[in-house]
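Undergrad: The structure follows.
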Amino acid sequence: MFTETDGSRKTIGDVDVLFHDGLYHLFHLVLPNHDFIAHAVSTDALNWRRVNNALFIGDPGSWDDLMLWTMHVSPDPHHSGRWRMFYTGLSRRDQGNFQRLGMAVSDDLFHWEKAPVRWEDHRGPRDPERVKRALQQSRATSADPRHAMFDPTSCFPLEPDPEYYEASLDEGRHWVSFRDPFYHHDGNDGWLMAAGRVNTGPVVRRGCVALMKEVEPNHFVAHPPLHHPRLYDDIEVPNLIVVDDDHYLIGSIREDAKIRYWHTDEIGHRWQSYHDNVLLPQGNYAGRVCRDQQGWLLWNFYSMNREDRTAENLMPPPKRLVKNEHGLLRAVTFEGIAEFVVESLDAKCIHSLIEDVGPQMRQCRVDGGHLDLACESGFQAFLFDDRLDHFRFQAKLEMQGLGKCGLVFRLDPESRDGYYISLDMLKGVVQLRAWGTGEDGSREQMMQFHPLQSGFWYSQVRDAIAVQLIVFGSYIELSVNGRVVLSLADQSFETGNLGVYLETAEVTVSEIQLDRLAPPNQTDEHLASG
């Protein structure tokens with residue numbers, strides 16, 4: 001996870017990660033100012049060290065002198081050992097209402113120069129001559145991370161083609177969407193994608209993946225949309241990956257703040273949706289992919305503040321992307337978290353949370369390698385003895401009957417405050433809540449109940465699931481049958497007991513593995529990043 005100091009007032013925004021020569025390179029926006037693109041490196045994809053910033057807003061009068069938005073870094077197919085960063089820029093001239101795409105290049109991923117643009121600065125035609133000379137004297141004479149040189153033959157900054165897309169402030173929302181570039185090379189041709197909007201249809205249903213073809217090095221021409229679902233306002237941060245000849249188009253949807261995908265067997269064929277095309281649950285946004293030695297990874301930022309995504313964000317651990325036997329794309333736990341295991345704990349030491357009830361309300365039997373738990377009425381939890389801050393819990397749960405069960409963690413046995421995960425095996429629904437007690441005397445405010453995230457899974461077997469719960473700093477991840485269904489960060493509770501809870505149910509817990517994890521090397525107690 002990547003975090004910064006609380007006093008910086010900055011937080012991480014959209015991310016892009018590239019793996020090269022044993023290093024993960026993270027490039028990300030810095031909110032709320034959007035005035036530079038930051039750069040950090042890591043060997044394990046979990047702990048990051050900031051290095052010099054990669055790119056900055058342009059000098060006054062530039063096409064990108066107001067804000068920088070989402071970027072994508074990829075190898076330059078025309079120059080071995082060179083890298084290109086396509087990025088989004090906004091100008092003060094347009095008051096930020098018109099989005100364009102630019103490019104920067106680097107020979108080492110650390111030092112960047114902006115590519116030439118055809119944009120000219122025509123400010124101040126009536127300025128005094130001394131002001132005009134001062135303006136001319138201030139201008140850079142070579143390209144750098146702030147300044148792009150003028151070239152009338154350049155195609156940059158790229159703008160939407162009115163033949164296919166909304167391209168003027170008079171259309172649609174009167175705010176031109178053309179951002180979040182992603183470059184894909186299919187082995188023969190290079191293609192640049194972006195979050196754009198078609199120019200017909202209901203205004204809030206025009207979101208599409210805009211497409212441009214690289215017809216010669218660093219020169220792009222517009223094509224019709226790669227995909228228009230006819231449903232969303234925007235498809236943000238598009239990605240295209242190929243897994244075993246299947247093509248997957250990944251995008252983030254503002255309407256519900258989830259990461260979705262579509263699939264096709266061949267580019268040019270129709271993009272289709274599976275019954276479940278959500279990769280990560282609500283709150284995970286701006287998903288980006290990168291390929292390392294073991295395959296595809298999915299990255300994103302998570303926003304704890306649902307009302308304001310410009311504060312309290314962090315980048316959680318990545319998820320490994322895999323294709324299941326039916327062709328569906330799934331996010332699974334990043335294997336690197338296993339490197340933080342410091343010891344395995346005794347999972348046979350378990351006791352009931354509530355003692356002052358009859359024995360029929362708290363039956364617990366340790367039988368070899370599994371636990372038989374039962375509760376005839378009301379709520380009961382069975383807790384492992386160790387208090388845990390950071391841990392990984394793996395088990396198989398089998399339930400008899402039609403009752404309710406779930407997990408509790410970071411639970412205070414006296415107040416019973418902590419995190420509660422309900423597992424509805426019959427419906428395939430999981431819900432995480434932070435459930436606690438407010439200040440004494442706060443009356444109806446004493447009951448603190450905060451739904452944090454919900455997820456879903458599907459299984460033909462309705463009474464048994466394999467679960468994995470990872471709690472790592474403020475990061476919480478739950479997998480069901482190998483698929484990540486919860487992924488979030490929360491700071492309501494820091495330590496406590498782990499256990500299984502029941503309401504009118506009998507549950508067998510088997511194949512238990514409980515590991516203590518070392519804490520993240522970088523503190524995330526504040527979740528401000530940037």
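Residues in the structure tokens are numbered from 1 in each chain, the chains being A, B, ... in the order shown, and ligands are numbered from 1 in the order shown.
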Counting only C-alpha atoms, what is within 8 Å of Val105 in chain A, bar same-chain residues fewer than 5 positions away, as an mmCIF file with all heavy atoms, in the first residue's frame?
TA:
data_model
loop_
_atom_site.group_PDB
_atom_site.id
_atom_site.type_symbol
_atom_site.label_atom_id
_atom_site.label_comp_id
_atom_site.auth_asym_id
_atom_site.auth_seq_id
_atom_site.Cartn_x
_atom_site.Cartn_y
_atom_site.Cartn_z
ATOM 1 N N ARG A 82 13.104 2.984 -25.062
ATOM 2 C CA ARG A 82 12.437 4.255 -24.783
ATOM 3 C C ARG A 82 11.005 3.977 -24.308
ATOM 4 O O ARG A 82 10.403 2.974 -24.655
ATOM 5 C CB ARG A 82 12.416 5.146 -26.023
ATOM 6 C CG ARG A 82 11.678 6.475 -25.819
ATOM 7 C CD ARG A 82 11.807 7.391 -27.019
ATOM 8 N NE ARG A 82 13.166 7.884 -27.154
ATOM 9 C CZ ARG A 82 13.550 8.748 -28.096
ATOM 10 N NH1 ARG A 82 12.672 9.180 -28.994
ATOM 11 N NH2 ARG A 82 14.798 9.158 -28.156
ATOM 12 N N TRP A 83 10.484 4.906 -23.526
ATOM 13 C CA TRP A 83 9.146 4.774 -22.961
ATOM 14 C C TRP A 83 8.314 5.991 -23.331
ATOM 15 O O TRP A 83 8.847 7.103 -23.477
ATOM 16 C CB TRP A 83 9.223 4.651 -21.437
ATOM 17 C CG TRP A 83 10.170 3.573 -20.994
ATOM 18 C CD1 TRP A 83 11.507 3.700 -20.798
ATOM 19 C CD2 TRP A 83 9.845 2.213 -20.753
ATOM 20 N NE1 TRP A 83 12.056 2.491 -20.436
ATOM 21 C CE2 TRP A 83 11.052 1.566 -20.395
ATOM 22 C CE3 TRP A 83 8.672 1.476 -20.788
ATOM 23 C CZ2 TRP A 83 11.100 0.214 -20.079
ATOM 24 C CZ3 TRP A 83 8.716 0.127 -20.479
ATOM 25 C CH2 TRP A 83 9.918 -0.485 -20.128
ATOM 26 N N ARG A 84 7.033 5.765 -23.480
ATOM 27 C CA ARG A 84 6.108 6.862 -23.756
ATOM 28 C C ARG A 84 5.056 6.930 -22.648
ATOM 29 O O ARG A 84 4.551 5.901 -22.194
ATOM 30 C CB ARG A 84 5.421 6.675 -25.111
ATOM 31 C CG ARG A 84 6.377 6.640 -26.280
ATOM 32 C CD ARG A 84 5.652 6.712 -27.617
ATOM 33 N NE ARG A 84 4.759 5.581 -27.854
ATOM 34 C CZ ARG A 84 4.116 5.368 -29.002
ATOM 35 N NH1 ARG A 84 4.292 6.206 -30.029
ATOM 36 N NH2 ARG A 84 3.318 4.335 -29.151
ATOM 37 N N MET A 85 4.752 8.125 -22.236
ATOM 38 C CA MET A 85 3.663 8.370 -21.297
ATOM 39 C C MET A 85 2.602 9.194 -22.010
ATOM 40 O O MET A 85 2.843 10.344 -22.393
ATOM 41 C CB MET A 85 4.133 9.123 -20.048
ATOM 42 C CG MET A 85 2.988 9.449 -19.070
ATOM 43 S SD MET A 85 3.451 10.603 -17.751
ATOM 44 C CE MET A 85 4.621 9.616 -16.824
ATOM 45 N N TRP A 112 11.750 12.696 -17.877
ATOM 46 C CA TRP A 112 10.744 12.777 -18.941
ATOM 47 C C TRP A 112 10.817 14.114 -19.660
ATOM 48 O O TRP A 112 11.129 15.150 -19.049
ATOM 49 C CB TRP A 112 9.344 12.588 -18.351
ATOM 50 C CG TRP A 112 9.126 11.210 -17.811
ATOM 51 C CD1 TRP A 112 9.420 10.753 -16.558
ATOM 52 C CD2 TRP A 112 8.597 10.092 -18.531
ATOM 53 N NE1 TRP A 112 9.108 9.432 -16.448
ATOM 54 C CE2 TRP A 112 8.595 8.994 -17.631
ATOM 55 C CE3 TRP A 112 8.121 9.914 -19.825
ATOM 56 C CZ2 TRP A 112 8.128 7.730 -18.006
ATOM 57 C CZ3 TRP A 112 7.655 8.656 -20.198
ATOM 58 C CH2 TRP A 112 7.664 7.583 -19.296
ATOM 59 N N GLU A 113 10.513 14.078 -20.951
ATOM 60 C CA GLU A 113 10.381 15.287 -21.757
ATOM 61 C C GLU A 113 9.042 15.254 -22.468
ATOM 62 O O GLU A 113 8.664 14.212 -23.034
ATOM 63 C CB GLU A 113 11.508 15.389 -22.802
ATOM 64 C CG GLU A 113 12.876 15.641 -22.224
ATOM 65 C CD GLU A 113 13.917 15.802 -23.318
ATOM 66 O OE1 GLU A 113 13.534 15.669 -24.517
ATOM 67 O OE2 GLU A 113 15.089 16.052 -22.995
ATOM 68 N N LYS A 114 8.347 16.362 -22.459
ATOM 69 C CA LYS A 114 7.080 16.432 -23.172
ATOM 70 C C LYS A 114 7.328 16.481 -24.685
ATOM 71 O O LYS A 114 8.248 17.150 -25.156
ATOM 72 C CB LYS A 114 6.293 17.664 -22.731
ATOM 73 C CG LYS A 114 5.802 17.570 -21.282
ATOM 74 C CD LYS A 114 4.960 18.758 -20.892
ATOM 75 C CE LYS A 114 4.446 18.607 -19.457
ATOM 76 N NZ LYS A 114 3.617 19.769 -19.034
ATOM 77 N N ALA A 115 6.491 15.739 -25.421
ATOM 78 C CA ALA A 115 6.605 15.699 -26.876
ATOM 79 C C ALA A 115 6.128 17.020 -27.480
ATOM 80 O O ALA A 115 5.330 17.753 -26.879
ATOM 81 C CB ALA A 115 5.782 14.537 -27.422
#
Undergrad: Could you find all residues in range 329-483 of chain A that DSSP calls strand (DSSP E) from the backbone, and write them as a ChimeraX atom specification?
TA: /A:329-333,341-344,350-352,363-367,370-388,391-400,404-411,418-424,429-437,447-456,464-472,475-480,483
Undergrad: Would you output that residue set with C-alpha atoms, as a tab-separated table (two decimals), in the first residue's frame?
TA:
chain	number	residue	atom	x	y	z
A	329	LEU	CA	-12.15	-12.75	-15.58
A	330	ARG	CA	-11.58	-12.87	-11.82
A	331	ALA	CA	-9.51	-10.92	-9.29
A	332	VAL	CA	-7.65	-13.10	-6.79
A	333	THR	CA	-5.33	-12.35	-3.87
A	341	VAL	CA	3.59	-14.16	7.29
A	342	VAL	CA	5.63	-14.21	10.53
A	343	GLU	CA	4.06	-17.17	12.36
A	344	SER	CA	1.22	-19.67	12.22
A	350	ILE	CA	-11.33	-21.21	20.70
A	351	HIS	CA	-13.99	-20.11	23.19
A	352	SER	CA	-17.52	-18.74	23.09
A	363	GLN	CA	-21.99	-25.58	21.51
A	364	CYS	CA	-18.39	-25.90	20.43
A	365	ARG	CA	-16.48	-29.12	19.79
A	366	VAL	CA	-12.93	-29.52	18.56
A	367	ASP	CA	-12.77	-32.71	16.53
A	370	HIS	CA	-12.08	-29.12	12.44
A	371	LEU	CA	-14.50	-27.25	14.70
A	372	ASP	CA	-18.19	-28.06	15.11
A	373	LEU	CA	-20.08	-24.93	16.19
A	374	ALA	CA	-23.77	-24.52	16.96
A	375	CYS	CA	-26.19	-21.91	18.29
A	376	GLU	CA	-29.92	-22.62	18.60
A	377	SER	CA	-31.13	-19.05	19.20
A	378	GLY	CA	-29.87	-15.50	19.17
A	379	PHE	CA	-26.31	-14.42	18.41
A	380	GLN	CA	-23.19	-16.29	19.46
A	381	ALA	CA	-19.57	-16.00	18.35
A	382	PHE	CA	-16.65	-18.37	18.87
A	383	LEU	CA	-13.33	-16.59	19.14
A	384	PHE	CA	-9.75	-17.71	18.71
A	385	ASP	CA	-7.66	-16.83	21.76
A	386	ASP	CA	-5.05	-14.58	20.13
A	387	ARG	CA	-5.62	-10.86	19.76
A	388	LEU	CA	-4.67	-9.94	16.23
A	391	PHE	CA	-3.46	-11.62	9.98
A	392	ARG	CA	-4.53	-14.07	7.28
A	393	PHE	CA	-7.33	-16.54	8.05
A	394	GLN	CA	-8.19	-19.42	5.72
A	395	ALA	CA	-10.90	-22.01	6.31
A	396	LYS	CA	-13.75	-24.00	4.83
A	397	LEU	CA	-17.22	-23.32	6.26
A	398	GLU	CA	-20.04	-25.84	5.94
A	399	MET	CA	-23.47	-24.92	7.29
A	400	GLN	CA	-26.39	-27.14	8.18
A	404	LYS	CA	-27.02	-17.30	9.53
A	405	CYS	CA	-23.27	-17.22	9.96
A	406	GLY	CA	-20.30	-14.97	9.41
A	407	LEU	CA	-16.96	-13.75	10.74
A	408	VAL	CA	-15.96	-11.19	13.34
A	409	PHE	CA	-12.52	-9.64	13.67
A	410	ARG	CA	-10.73	-6.93	15.59
A	411	LEU	CA	-13.51	-7.58	18.10
A	418	GLY	CA	-15.58	-4.63	15.92
A	419	TYR	CA	-15.99	-5.73	12.34
A	420	TYR	CA	-18.80	-8.10	11.36
A	421	ILE	CA	-18.89	-10.00	8.05
A	422	SER	CA	-22.18	-11.69	7.21
A	423	LEU	CA	-21.96	-14.65	4.81
A	424	ASP	CA	-25.24	-15.60	3.15
A	429	VAL	CA	-23.97	-12.30	-0.59
A	430	VAL	CA	-21.33	-10.94	1.78
A	431	GLN	CA	-21.61	-7.69	3.79
A	432	LEU	CA	-19.03	-6.01	5.98
A	433	ARG	CA	-20.02	-3.65	8.79
A	434	ALA	CA	-18.19	-1.70	11.45
A	435	TRP	CA	-20.40	-2.10	14.53
A	436	GLY	CA	-19.57	-0.24	17.69
A	437	THR	CA	-20.61	1.88	20.66
A	447	MET	CA	-25.30	2.72	18.35
A	448	GLN	CA	-22.59	3.07	15.70
A	449	PHE	CA	-23.47	0.93	12.67
A	450	HIS	CA	-21.62	1.55	9.40
A	451	PRO	CA	-22.11	-0.66	6.31
A	452	LEU	CA	-18.72	-0.61	4.60
A	453	GLN	CA	-18.95	-2.83	1.54
A	454	SER	CA	-20.96	-5.65	-0.04
A	455	GLY	CA	-19.94	-8.33	-2.49
A	456	PHE	CA	-21.35	-11.34	-4.31
A	464	ALA	CA	-20.12	-24.75	1.83
A	465	ILE	CA	-17.53	-22.11	0.94
A	466	ALA	CA	-13.79	-21.60	1.25
A	467	VAL	CA	-12.92	-18.21	2.72
A	468	GLN	CA	-9.75	-16.19	3.10
A	469	LEU	CA	-9.70	-13.03	5.20
A	470	ILE	CA	-6.65	-10.75	5.06
A	471	VAL	CA	-6.34	-7.82	7.45
A	472	PHE	CA	-3.19	-5.84	6.74
A	475	TYR	CA	-6.62	-2.93	4.36
A	476	ILE	CA	-9.34	-5.61	4.49
A	477	GLU	CA	-9.77	-8.29	1.83
A	478	LEU	CA	-12.14	-11.26	1.77
A	479	SER	CA	-12.06	-14.01	-0.84
A	480	VAL	CA	-14.78	-16.61	-1.32
A	483	ARG	CA	-12.27	-14.86	-5.72
Undergrad: Please provide the set of residues having any atom within 9 Å of Pro317 in chain A, restricted to only C-alpha atoms, with same-chain residues fewer than 3 positions apart removed, written as a PyMOL selection string.
TA: chain A and resi 1-2+45-46+299-300+333-334+336-337+475
Undergrad: Dump as a tab-separated table the rows for residues of range 72-109 of chain A within 12 Å of range 132-153 of chain A: closest atom pair and distance in Å with one decimal, only C-alpha atoms counted, ordered by chain and rising residue number.
TA:
residue	atom	partner	partner_atom	distance
A:Met85	CA	A:Pro145	CA	11.3
A:Gly89	CA	A:Arg146	CA	11.9
A:Gly102	CA	A:Ala148	CA	9.7
A:Met103	CA	A:Ala148	CA	9.4
A:Ala104	CA	A:Pro145	CA	7.9
A:Val105	CA	A:Pro145	CA	9.4
A:Ser106	CA	A:Pro145	CA	10.0
Undergrad: Could you write those residues out with C-alpha atoms, as an mmCIF file, in the first residue's frame?
TA:
data_model
loop_
_atom_site.group_PDB
_atom_site.id
_atom_site.type_symbol
_atom_site.label_atom_id
_atom_site.label_comp_id
_atom_site.auth_asym_id
_atom_site.auth_seq_id
_atom_site.Cartn_x
_atom_site.Cartn_y
_atom_site.Cartn_z
ATOM 1 C CA MET A 85 3.663 8.370 -21.297
ATOM 2 C CA GLY A 89 -4.178 17.695 -19.778
ATOM 3 C CA GLY A 102 -0.508 14.570 -24.768
ATOM 4 C CA MET A 103 2.665 12.520 -24.691
ATOM 5 C CA ALA A 104 6.024 12.546 -22.918
ATOM 6 C CA VAL A 105 9.058 10.340 -23.544
ATOM 7 C CA SER A 106 11.821 8.897 -21.390
#
